[in-house]
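Worksheet: one structure, shown below.
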Amino acid sequence: MMNSNKMTINLALFGMTQSGKSSAGNIILGSTDFHSSFAPCSVTKDCSLGRSCHFHSFMRRGGQEVTLQVQVLDTPGYPHSRLSKKHVREEVREALAHHFGQEGLHLALLVQRADVPLCGQEESSPVQMIQELLGHAWMNYTAILFTHAEKIEEAGFSEDEYLREASDTLLTLLNSIQGRYIFQYRKGNSLSEQRLKILERIIEFVKENCYQVLTFK
Ligand SMILES: Nc1nc2c(ncn2[C@@H]2O[C@H](COP(=O)(O)OP(=O)(O)O)[C@@H](O)[C@H]2O)c(=O)[nH]1
Ligand SMILES: [Mg+2]
């Protein structure tokens, strides 16, 4: 949503349980709104919306400084250890309609652990959940956020080498989403530096998409 000098970017997080969705949401928002912890099973059953503070003069548009606010929808992991696919899908569908029904969604982030190879496109993949919820235009509104990216460095790979040697499933997916990906490192950089780098990439994708949104009834 955009009025003269304020812009709200709406994001939704998808991915498997323990992929780092809530933690990524907290980094993006600069908050601890979402509960994030190690757990041997799926904990989150409900969607929840978090809002960032206003970032003044974060970007310029049409010669004007724009104040940016980011809204992030955190969702239950899928596959879920307690809830059926149908249950999770309907929960997320309602939340998307409730929070972004009119304003629209700018970007869905598929949160994927960098140290867990993405394998075949099975029935139970979070990618399929995104396709079912976003519809045929999903490819234009999806990016991958790789968490645990520090493991890539620890293994002595560069980002490019990692992507070159990635599974065919991942390469095909990246190809369909026009190479939109972000690496999230938990090392060295302060949280605000991490947030800035991730936000800059997100804005880049949203701009490339001409600020278009996907609306939900
Ligand atoms: N080392 C590392 N740990 C992470 C990263 N992202 C998340 N975690 C940890 O992984 C666990 C699960 O994260 P959480 O955000 O709750 O996952 P969710 O189930 O997808 O919401 C937590 O203990 C996080 O601290 C990351 O990039 N690197
Ligand atoms: Mg979570």
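Labels for the structure tokens follow display order: chains A, B, ..., residues from 1 in each chain, ligands from 1.
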
Q.
Residues within 9 Å of Ser23 in chain A, please, as a VMD selection string. Count only C-alpha atoms; anything in the same chain fewer than 6 positions from it doesn't count.
A. chain A and resid 32 34 to 37

Based on the selection just made, write C-alpha atoms of those residues as a PDB file, in the first residue's frame.
ATOM      1  CA  THR A  32      10.807 -10.689  19.170  1.00  0.00           C
ATOM      2  CA  PHE A  34       7.213 -14.367  17.022  1.00  0.00           C
ATOM      3  CA  HIS A  35       7.992 -17.264  19.304  1.00  0.00           C
ATOM      4  CA  SER A  36      11.123 -18.956  17.978  1.00  0.00           C
ATOM      5  CA  SER A  37      12.895 -21.887  19.599  1.00  0.00           C
TER       6      SER A  37
END

Q. If you count only C-alpha atoms, which residues fall within 10 Å of Tyr141 in chain A, apart from same-chain ones fewer than 4 positions away, as a PyMOL selection string?
A. chain A and resi 11+105-109+130+134+137+177+180+205-206+209+212-214

Produce a file of the selected residues containing all heavy atoms, as a CSV table (one decimal), in the first residue's frame.
chain,number,residue,atom,x,y,z
A,11,LEU,N,4.5,-9.2,3.7
A,11,LEU,CA,5.3,-10.5,3.5
A,11,LEU,C,4.6,-11.6,4.2
A,11,LEU,O,4.0,-11.4,5.3
A,11,LEU,CB,6.7,-10.4,4.0
A,11,LEU,CG,7.5,-9.1,3.6
A,11,LEU,CD1,8.8,-9.1,4.4
A,11,LEU,CD2,7.8,-9.2,2.1
A,105,LEU,N,-0.6,-9.0,-0.9
A,105,LEU,CA,0.7,-9.5,-0.5
A,105,LEU,C,1.8,-9.1,-1.5
A,105,LEU,O,1.6,-9.3,-2.7
A,105,LEU,CB,0.6,-11.0,-0.4
A,105,LEU,CG,1.9,-11.8,-0.1
A,105,LEU,CD1,2.2,-11.7,1.4
A,105,LEU,CD2,1.7,-13.3,-0.4
A,106,HIS,N,2.9,-8.6,-1.1
A,106,HIS,CA,4.0,-8.3,-2.0
A,106,HIS,C,4.9,-9.5,-2.3
A,106,HIS,O,5.4,-9.6,-3.4
A,106,HIS,CB,4.9,-7.1,-1.4
A,106,HIS,CG,4.2,-5.8,-1.4
A,106,HIS,ND1,3.4,-5.4,-0.3
A,106,HIS,CD2,4.1,-4.8,-2.3
A,106,HIS,CE1,2.9,-4.2,-0.6
A,106,HIS,NE2,3.3,-3.8,-1.8
A,107,LEU,N,5.2,-10.3,-1.2
A,107,LEU,CA,6.1,-11.3,-1.4
A,107,LEU,C,5.9,-12.5,-0.4
A,107,LEU,O,5.7,-12.2,0.8
A,107,LEU,CB,7.5,-10.8,-1.3
A,107,LEU,CG,8.7,-11.6,-1.8
A,107,LEU,CD1,8.7,-11.7,-3.3
A,107,LEU,CD2,10.0,-11.0,-1.4
A,108,ALA,N,5.9,-13.7,-0.9
A,108,ALA,CA,5.9,-14.9,0.0
A,108,ALA,C,7.4,-15.3,0.1
A,108,ALA,O,8.1,-15.4,-0.9
A,108,ALA,CB,5.1,-16.0,-0.6
A,109,LEU,N,7.8,-15.5,1.3
A,109,LEU,CA,9.2,-16.0,1.5
A,109,LEU,C,9.2,-17.5,1.8
A,109,LEU,O,8.6,-17.9,2.9
A,109,LEU,CB,9.9,-15.3,2.6
A,109,LEU,CG,10.2,-13.8,2.3
A,109,LEU,CD1,10.7,-13.1,3.6
A,109,LEU,CD2,11.3,-13.7,1.2
A,130,ILE,N,2.4,-23.2,-1.1
A,130,ILE,CA,2.5,-21.8,-1.7
A,130,ILE,C,1.7,-21.8,-3.0
A,130,ILE,O,0.9,-20.8,-3.2
A,130,ILE,CB,3.9,-21.4,-1.9
A,130,ILE,CG1,4.7,-21.2,-0.6
A,130,ILE,CG2,4.0,-20.1,-2.7
A,130,ILE,CD1,6.1,-20.8,-0.7
A,134,LEU,N,-1.4,-19.2,-3.3
A,134,LEU,CA,-1.2,-18.0,-4.1
A,134,LEU,C,-1.7,-18.1,-5.5
A,134,LEU,O,-1.9,-17.1,-6.2
A,134,LEU,CB,0.3,-17.7,-4.2
A,134,LEU,CG,0.9,-16.8,-3.1
A,134,LEU,CD1,0.5,-17.3,-1.7
A,134,LEU,CD2,2.4,-16.6,-3.2
A,137,ALA,N,-0.2,-17.3,-10.2
A,137,ALA,CA,0.8,-16.2,-10.2
A,137,ALA,C,1.9,-16.4,-9.2
A,137,ALA,O,2.7,-15.5,-9.0
A,137,ALA,CB,0.1,-14.9,-10.0
A,177,ILE,N,11.2,-18.9,-10.2
A,177,ILE,CA,11.0,-17.7,-9.4
A,177,ILE,C,12.0,-16.6,-9.8
A,177,ILE,O,12.3,-15.7,-9.0
A,177,ILE,CB,10.9,-17.9,-7.9
A,177,ILE,CG1,12.2,-18.5,-7.3
A,177,ILE,CG2,9.7,-18.8,-7.5
A,177,ILE,CD1,12.2,-18.6,-5.8
A,180,ARG,N,15.1,-15.4,-7.4
A,180,ARG,CA,14.9,-14.5,-6.2
A,180,ARG,C,15.3,-15.3,-5.0
A,180,ARG,O,14.6,-16.3,-4.6
A,180,ARG,CB,13.5,-14.0,-6.0
A,180,ARG,CG,13.2,-12.9,-6.9
A,180,ARG,CD,11.8,-12.3,-6.6
A,180,ARG,NE,10.8,-13.3,-7.0
A,180,ARG,CZ,10.1,-13.2,-8.1
A,180,ARG,NH1,10.2,-12.2,-8.9
A,180,ARG,NH2,9.2,-14.1,-8.4
A,205,PHE,N,13.3,-6.9,-4.9
A,205,PHE,CA,12.3,-7.9,-5.5
A,205,PHE,C,11.0,-7.2,-5.8
A,205,PHE,O,10.4,-7.3,-6.8
A,205,PHE,CB,12.1,-9.1,-4.7
A,205,PHE,CG,13.3,-9.9,-4.4
A,205,PHE,CD1,13.5,-10.7,-3.3
A,205,PHE,CD2,14.4,-10.0,-5.4
A,205,PHE,CE1,14.6,-11.5,-3.0
A,205,PHE,CE2,15.5,-10.7,-5.1
A,205,PHE,CZ,15.6,-11.5,-3.9
A,206,VAL,N,10.5,-6.4,-4.7
A,206,VAL,CA,9.2,-5.8,-4.8
A,206,VAL,C,9.2,-4.7,-5.9
A,206,VAL,O,8.3,-4.6,-6.7
A,206,VAL,CB,8.8,-5.2,-3.4
A,206,VAL,CG1,7.6,-4.3,-3.5
A,206,VAL,CG2,8.6,-6.3,-2.4
A,209,ASN,N,9.1,-6.1,-9.3
A,209,ASN,CA,7.8,-6.5,-9.6
A,209,ASN,C,6.8,-5.3,-9.7
A,209,ASN,O,5.6,-5.5,-9.7
A,209,ASN,CB,7.3,-7.4,-8.4
A,209,ASN,CG,6.8,-8.7,-8.9
A,209,ASN,OD1,6.8,-9.1,-10.0
A,209,ASN,ND2,6.2,-9.5,-7.9
A,212,GLN,N,3.7,-4.6,-7.5
A,212,GLN,CA,2.4,-5.3,-7.6
A,212,GLN,C,2.1,-6.1,-6.4
A,212,GLN,O,3.1,-6.6,-5.7
A,212,GLN,CB,2.4,-6.2,-8.9
A,212,GLN,CG,2.5,-5.4,-10.2
A,212,GLN,CD,2.5,-6.4,-11.3
A,212,GLN,OE1,1.5,-6.8,-11.8
A,212,GLN,NE2,3.7,-6.9,-11.6
A,213,VAL,N,0.8,-6.4,-6.2
A,213,VAL,CA,0.5,-7.2,-5.0
A,213,VAL,C,-0.5,-8.3,-5.5
A,213,VAL,O,-1.2,-8.2,-6.5
A,213,VAL,CB,-0.2,-6.4,-3.9
A,213,VAL,CG1,0.8,-5.6,-3.2
A,213,VAL,CG2,-1.4,-5.7,-4.4
A,214,LEU,N,-0.6,-9.3,-4.7
A,214,LEU,CA,-1.5,-10.4,-4.9
A,214,LEU,C,-2.6,-10.2,-3.8
A,214,LEU,O,-2.3,-10.2,-2.6
A,214,LEU,CB,-0.8,-11.7,-4.6
A,214,LEU,CG,-1.3,-13.0,-5.3
A,214,LEU,CD1,-1.4,-12.9,-6.8
A,214,LEU,CD2,-0.4,-14.1,-4.9

Produce a table with one row for each residue of chain A that has an atom at most 8 Å from any atom of ligand 1, each row naming the nearest atom pair and its distance in Å at one decimal; use only C-alpha atoms and all ligand atoms; arrange rows by chain and rising residue number; format as JSON lines.
{"residue": "A:Gly15", "atom": "CA", "partner": "ligand 1", "partner_atom_place_in_ligand_line": "20 (O)", "distance": 6.5}
{"residue": "A:Met16", "atom": "CA", "partner": "ligand 1", "partner_atom_place_in_ligand_line": "20 (O)", "distance": 6.1}
{"residue": "A:Thr17", "atom": "CA", "partner": "ligand 1", "partner_atom_place_in_ligand_line": "19 (O)", "distance": 4.1}
{"residue": "A:Gln18", "atom": "CA", "partner": "ligand 1", "partner_atom_place_in_ligand_line": "19 (O)", "distance": 3.4}
{"residue": "A:Ser19", "atom": "CA", "partner": "ligand 1", "partner_atom_place_in_ligand_line": "20 (O)", "distance": 4.0}
{"residue": "A:Gly20", "atom": "CA", "partner": "ligand 1", "partner_atom_place_in_ligand_line": "17 (O)", "distance": 3.4}
{"residue": "A:Lys21", "atom": "CA", "partner": "ligand 1", "partner_atom_place_in_ligand_line": "20 (O)", "distance": 3.7}
{"residue": "A:Ser22", "atom": "CA", "partner": "ligand 1", "partner_atom_place_in_ligand_line": "15 (O)", "distance": 3.8}
{"residue": "A:Ser23", "atom": "CA", "partner": "ligand 1", "partner_atom_place_in_ligand_line": "15 (O)", "distance": 3.6}
{"residue": "A:Ala24", "atom": "CA", "partner": "ligand 1", "partner_atom_place_in_ligand_line": "15 (O)", "distance": 6.3}
{"residue": "A:Gly25", "atom": "CA", "partner": "ligand 1", "partner_atom_place_in_ligand_line": "15 (O)", "distance": 7.8}
{"residue": "A:His35", "atom": "CA", "partner": "ligand 1", "partner_atom_place_in_ligand_line": "16 (O)", "distance": 6.5}
{"residue": "A:Ser36", "atom": "CA", "partner": "ligand 1", "partner_atom_place_in_ligand_line": "16 (O)", "distance": 3.3}
{"residue": "A:Ser37", "atom": "CA", "partner": "ligand 1", "partner_atom_place_in_ligand_line": "23 (O)", "distance": 4.0}
{"residue": "A:Phe38", "atom": "CA", "partner": "ligand 1", "partner_atom_place_in_ligand_line": "23 (O)", "distance": 3.7}
{"residue": "A:Ala39", "atom": "CA", "partner": "ligand 1", "partner_atom_place_in_ligand_line": "12 (C)", "distance": 7.0}
{"residue": "A:Ser42", "atom": "CA", "partner": "ligand 1", "partner_atom_place_in_ligand_line": "19 (O)", "distance": 6.6}
{"residue": "A:Val43", "atom": "CA", "partner": "ligand 1", "partner_atom_place_in_ligand_line": "19 (O)", "distance": 7.2}
{"residue": "A:Thr44", "atom": "CA", "partner": "ligand 1", "partner_atom_place_in_ligand_line": "19 (O)", "distance": 7.3}
{"residue": "A:Asp74", "atom": "CA", "partner": "ligand 1", "partner_atom_place_in_ligand_line": "21 (O)", "distance": 7.7}
{"residue": "A:Thr75", "atom": "CA", "partner": "ligand 1", "partner_atom_place_in_ligand_line": "21 (O)", "distance": 7.9}
{"residue": "A:Pro76", "atom": "CA", "partner": "ligand 1", "partner_atom_place_in_ligand_line": "21 (O)", "distance": 7.5}
{"residue": "A:Gly77", "atom": "CA", "partner": "ligand 1", "partner_atom_place_in_ligand_line": "19 (O)", "distance": 6.0}
{"residue": "A:Val111", "atom": "CA", "partner": "ligand 1", "partner_atom_place_in_ligand_line": "20 (O)", "distance": 7.4}
{"residue": "A:Arg113", "atom": "CA", "partner": "ligand 1", "partner_atom_place_in_ligand_line": "27 (O)", "distance": 7.5}
{"residue": "A:Phe146", "atom": "CA", "partner": "ligand 1", "partner_atom_place_in_ligand_line": "27 (O)", "distance": 7.6}
{"residue": "A:Thr147", "atom": "CA", "partner": "ligand 1", "partner_atom_place_in_ligand_line": "27 (O)", "distance": 3.9}
{"residue": "A:His148", "atom": "CA", "partner": "ligand 1", "partner_atom_place_in_ligand_line": "27 (O)", "distance": 3.4}
{"residue": "A:Ala149", "atom": "CA", "partner": "ligand 1", "partner_atom_place_in_ligand_line": "27 (O)", "distance": 6.1}
{"residue": "A:Glu150", "atom": "CA", "partner": "ligand 1", "partner_atom_place_in_ligand_line": "28 (N)", "distance": 6.8}
{"residue": "A:Lys151", "atom": "CA", "partner": "ligand 1", "partner_atom_place_in_ligand_line": "1 (N)", "distance": 7.8}
{"residue": "A:Gln184", "atom": "CA", "partner": "ligand 1", "partner_atom_place_in_ligand_line": "27 (O)", "distance": 5.7}
{"residue": "A:Tyr185", "atom": "CA", "partner": "ligand 1", "partner_atom_place_in_ligand_line": "27 (O)", "distance": 5.4}
{"residue": "A:Arg186", "atom": "CA", "partner": "ligand 1", "partner_atom_place_in_ligand_line": "28 (N)", "distance": 4.9}

Quick one: write out the picked residues with N, CA, C and O atoms as a short mmCIF file (atom, residue, chain, number, x, y, z; two decimals), in the first residue's frame?
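Here's the written file part01.cif:
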data_model
loop_
_atom_site.label_atom_id
_atom_site.label_comp_id
_atom_site.auth_asym_id
_atom_site.auth_seq_id
_atom_site.Cartn_x
_atom_site.Cartn_y
_atom_site.Cartn_z
N GLY A 15 7.21 -22.48 4.96
CA GLY A 15 8.34 -23.40 5.06
C GLY A 15 8.08 -24.48 6.08
O GLY A 15 7.07 -24.47 6.78
N MET A 16 9.04 -25.41 6.15
CA MET A 16 8.87 -26.54 7.06
C MET A 16 9.05 -26.08 8.51
O MET A 16 9.65 -25.04 8.76
N THR A 17 8.52 -26.89 9.41
CA THR A 17 8.74 -26.66 10.83
C THR A 17 10.25 -26.64 11.09
O THR A 17 10.98 -27.42 10.48
N GLN A 18 10.70 -25.70 11.91
CA GLN A 18 12.10 -25.55 12.29
C GLN A 18 13.00 -25.03 11.15
O GLN A 18 14.22 -25.11 11.24
N SER A 19 12.38 -24.53 10.09
CA SER A 19 13.23 -24.00 9.02
C SER A 19 13.78 -22.63 9.41
O SER A 19 14.76 -22.16 8.81
N GLY A 20 13.14 -22.00 10.40
CA GLY A 20 13.61 -20.69 10.85
C GLY A 20 12.67 -19.55 10.47
O GLY A 20 13.08 -18.39 10.41
N LYS A 21 11.40 -19.86 10.23
CA LYS A 21 10.42 -18.85 9.81
C LYS A 21 10.27 -17.74 10.85
O LYS A 21 10.39 -16.55 10.55
N SER A 22 9.98 -18.15 12.10
CA SER A 22 9.70 -17.14 13.13
C SER A 22 10.94 -16.30 13.40
O SER A 22 10.85 -15.08 13.59
N SER A 23 12.08 -16.97 13.41
CA SER A 23 13.32 -16.27 13.67
C SER A 23 13.61 -15.26 12.54
O SER A 23 13.99 -14.10 12.80
N ALA A 24 13.38 -15.67 11.30
CA ALA A 24 13.57 -14.75 10.16
C ALA A 24 12.60 -13.59 10.26
O ALA A 24 12.95 -12.43 10.01
N GLY A 25 11.35 -13.89 10.66
CA GLY A 25 10.35 -12.84 10.82
C GLY A 25 10.81 -11.82 11.85
O GLY A 25 10.71 -10.61 11.63
N HIS A 35 7.31 -16.31 18.45
CA HIS A 35 7.99 -17.26 19.30
C HIS A 35 8.90 -18.13 18.43
O HIS A 35 8.45 -18.75 17.47
N SER A 36 10.18 -18.16 18.77
CA SER A 36 11.12 -18.96 17.98
C SER A 36 12.00 -19.76 18.92
O SER A 36 12.62 -19.19 19.82
N SER A 37 12.03 -21.07 18.75
CA SER A 37 12.89 -21.89 19.60
C SER A 37 13.12 -23.24 18.96
O SER A 37 12.39 -23.63 18.04
N PHE A 38 14.11 -23.94 19.49
CA PHE A 38 14.31 -25.32 19.06
C PHE A 38 13.12 -26.14 19.58
O PHE A 38 12.67 -25.94 20.71
N ALA A 39 12.61 -27.04 18.76
CA ALA A 39 11.53 -27.94 19.21
C ALA A 39 11.57 -29.21 18.36
O ALA A 39 11.81 -29.13 17.16
N SER A 42 6.25 -29.71 15.68
CA SER A 42 5.69 -28.42 15.29
C SER A 42 4.96 -27.80 16.48
O SER A 42 4.14 -28.47 17.11
N VAL A 43 5.25 -26.54 16.77
CA VAL A 43 4.64 -25.87 17.91
C VAL A 43 3.53 -24.92 17.45
O VAL A 43 2.42 -24.95 17.97
N THR A 44 3.84 -24.10 16.46
CA THR A 44 2.90 -23.06 16.02
C THR A 44 1.69 -23.64 15.31
O THR A 44 1.84 -24.42 14.35
N ASP A 74 3.50 -14.72 10.03
CA ASP A 74 4.17 -15.98 10.37
C ASP A 74 3.11 -17.08 10.32
O ASP A 74 1.96 -16.86 10.72
N THR A 75 3.48 -18.23 9.80
CA THR A 75 2.48 -19.29 9.60
C THR A 75 2.95 -20.59 10.25
O THR A 75 4.14 -20.76 10.51
N PRO A 76 2.02 -21.52 10.50
CA PRO A 76 2.46 -22.82 11.05
C PRO A 76 3.31 -23.53 10.00
O PRO A 76 3.06 -23.38 8.81
N GLY A 77 4.29 -24.28 10.45
CA GLY A 77 5.15 -25.00 9.50
C GLY A 77 4.36 -26.03 8.73
O GLY A 77 3.35 -26.54 9.19
N VAL A 111 10.97 -20.16 3.44
CA VAL A 111 12.12 -20.25 4.33
C VAL A 111 12.66 -21.68 4.29
O VAL A 111 11.95 -22.64 4.56
N ARG A 113 16.14 -24.16 5.11
CA ARG A 113 17.47 -24.30 5.70
C ARG A 113 18.47 -24.58 4.59
O ARG A 113 18.27 -25.48 3.77
N PHE A 146 17.19 -18.45 2.50
CA PHE A 146 17.99 -19.55 3.05
C PHE A 146 18.47 -19.19 4.44
O PHE A 146 19.25 -18.24 4.60
N THR A 147 18.01 -19.92 5.43
CA THR A 147 18.51 -19.72 6.80
C THR A 147 19.71 -20.65 7.00
O THR A 147 20.01 -21.48 6.14
N HIS A 148 20.39 -20.50 8.13
CA HIS A 148 21.56 -21.33 8.45
C HIS A 148 22.64 -21.19 7.37
O HIS A 148 23.39 -22.12 7.12
N ALA A 149 22.70 -20.03 6.72
CA ALA A 149 23.65 -19.86 5.61
C ALA A 149 25.09 -19.89 6.12
O ALA A 149 26.01 -20.14 5.34
N GLU A 150 25.29 -19.67 7.42
CA GLU A 150 26.65 -19.74 7.95
C GLU A 150 27.26 -21.13 7.75
O GLU A 150 28.48 -21.29 7.66
N LYS A 151 26.39 -22.14 7.63
CA LYS A 151 26.88 -23.52 7.42
C LYS A 151 27.55 -23.65 6.05
O LYS A 151 28.42 -24.49 5.85
N GLN A 184 20.55 -15.81 4.71
CA GLN A 184 20.52 -15.23 6.06
C GLN A 184 21.59 -15.92 6.91
O GLN A 184 21.54 -17.13 7.12
N TYR A 185 22.55 -15.13 7.37
CA TYR A 185 23.66 -15.66 8.16
C TYR A 185 23.45 -15.39 9.62
O TYR A 185 23.03 -14.29 9.99
N ARG A 186 23.76 -16.35 10.45
CA ARG A 186 23.74 -16.07 11.88
C ARG A 186 25.19 -16.11 12.35
O ARG A 186 25.67 -17.13 12.80
#

Q | Point-to-point distance in Å for CA of Leu73 in chain A and CA of Leu49 in chain A | A |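 About the pair CA of Leu49 in chain A and CA of Leu73 in chain A: they are 4.5 Å apart.
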
Q | Nearest to ligand 2 by atom-to-atom distance, counting only C-alpha atoms and all ligand atoms, from A:His54, A:Leu174, A:His80, A:Gly30 | A | A:His80

Q. With distances taken over only C-alpha atoms, which of A:Lys86, A:His56, A:Arg61, A:Lys187 is nearest to Tyr211 in chain A?
A.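 Checking each of A:Lys86, A:His56, A:Arg61, A:Lys187 against Tyr211 in chain A, counting only C-alpha atoms, the winner is A:Arg61.
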
Q: Between A:Gly179, A:Asn10, A:Asp33, A:Glu161, single out the one closest to ligand 2, counting only C-alpha atoms and all ligand atoms.
A: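 With only C-alpha atoms and all ligand atoms as the atom set, the closest residue is A:Asp33.
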
Can you pull out the residues contacting Lys217 in chain A? Cut-off 9 Å, using only C-alpha atoms, and skip same-chain residues under 5 positions away; I want them as a CSV table (one decimal) with N, CA and C atoms, in the first residue's frame.
chain,number,residue,atom,x,y,z
A,96,LEU,N,-4.4,-14.9,5.3
A,96,LEU,CA,-4.0,-14.1,4.1
A,96,LEU,C,-5.2,-13.2,3.8
A,97,ALA,N,-6.4,-13.8,3.8
A,97,ALA,CA,-7.6,-13.0,3.4
A,97,ALA,C,-7.8,-11.9,4.4
A,98,HIS,N,-7.6,-12.3,5.7
A,98,HIS,CA,-7.9,-11.3,6.8
A,98,HIS,C,-6.9,-10.1,6.8
A,101,GLY,N,-6.1,-9.3,2.4
A,101,GLY,CA,-7.2,-9.5,1.5
A,101,GLY,C,-7.3,-8.3,0.5
A,102,GLN,N,-7.3,-7.1,1.1
A,102,GLN,CA,-7.5,-5.8,0.3
A,102,GLN,C,-6.1,-5.2,-0.1

Q) Which residue gives the smallest distance to Phe157 in chain A among A:Arg93, A:Leu110, A:Asp115, A:Asn175, with only C-alpha atoms counted? A)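 Between A:Arg93, A:Leu110, A:Asp115, A:Asn175, the residue approaching Phe157 in chain A most closely is A:Asp115.
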
Q.
Going by DSSP on the backbone, which residues of chain A come out as strand (DSSP E)? List them as number ranges by chain.
A. A: 2-3, 6-15, 48-51, 55-61, 64-74, 107-113, 142-147, 181-183

Go ahead and write the residues just picked, C-alpha atoms, as a CSV table (one decimal), in the first residue's frame.
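After the write, result_15.csv holds the following:
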chain,number,residue,atom,x,y,z
A,2,MET,CA,1.4,3.4,-0.9
A,3,ASN,CA,0.3,6.9,-0.1
A,6,LYS,CA,4.5,6.0,3.3
A,7,MET,CA,4.8,2.5,2.1
A,8,THR,CA,3.8,-0.8,3.7
A,9,ILE,CA,5.3,-4.0,2.4
A,10,ASN,CA,3.4,-7.2,3.2
A,11,LEU,CA,5.3,-10.5,3.5
A,12,ALA,CA,4.2,-14.0,4.4
A,13,LEU,CA,6.6,-16.7,5.6
A,14,PHE,CA,6.2,-20.3,4.5
A,15,GLY,CA,8.3,-23.4,5.1
A,48,SER,CA,0.3,-14.3,13.5
A,49,LEU,CA,1.0,-10.8,12.1
A,50,GLY,CA,3.9,-8.6,13.2
A,51,ARG,CA,4.6,-5.0,12.2
A,55,PHE,CA,11.9,3.2,8.8
A,56,HIS,CA,12.2,6.8,7.9
A,57,SER,CA,13.9,7.8,4.6
A,58,PHE,CA,14.6,4.1,3.9
A,59,MET,CA,14.1,4.7,0.2
A,60,ARG,CA,13.2,7.3,-2.4
A,61,ARG,CA,10.4,7.0,-4.9
A,64,GLN,CA,10.3,11.7,-2.5
A,65,GLU,CA,11.7,10.1,0.7
A,66,VAL,CA,9.5,7.2,1.6
A,67,THR,CA,8.9,5.9,5.1
A,68,LEU,CA,8.7,2.1,5.1
A,69,GLN,CA,6.8,-0.3,7.3
A,70,VAL,CA,6.9,-4.0,6.9
A,71,GLN,CA,4.2,-6.4,7.9
A,72,VAL,CA,5.1,-10.1,8.3
A,73,LEU,CA,2.7,-13.0,8.5
A,74,ASP,CA,4.2,-16.0,10.4
A,107,LEU,CA,6.1,-11.3,-1.4
A,108,ALA,CA,5.9,-14.9,0.0
A,109,LEU,CA,9.2,-16.0,1.5
A,110,LEU,CA,9.9,-19.7,1.3
A,111,VAL,CA,12.1,-20.2,4.3
A,112,GLN,CA,14.5,-23.1,3.6
A,113,ARG,CA,17.5,-24.3,5.7
A,142,THR,CA,7.8,-15.9,-4.2
A,143,ALA,CA,11.5,-15.7,-3.1
A,144,ILE,CA,13.6,-18.2,-1.1
A,145,LEU,CA,15.2,-17.2,2.2
A,146,PHE,CA,18.0,-19.6,3.1
A,147,THR,CA,18.5,-19.7,6.8
A,181,TYR,CA,16.9,-15.7,-3.1
A,182,ILE,CA,18.3,-14.3,0.0
A,183,PHE,CA,21.0,-15.8,2.3

(Q) Using only C-alpha atoms and all ligand atoms for the distances, tell me which of A:Cys47, A:Leu199, A:Ile28, A:Ile152 is nearest to ligand 2. (A) A:Cys47

Q) CA of Thr215 in chain A and CA of Val88 in chain A, how far apart in Å? A)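 Straight-line distance from CA of Val88 in chain A to CA of Thr215 in chain A works out to 19.4 Å.
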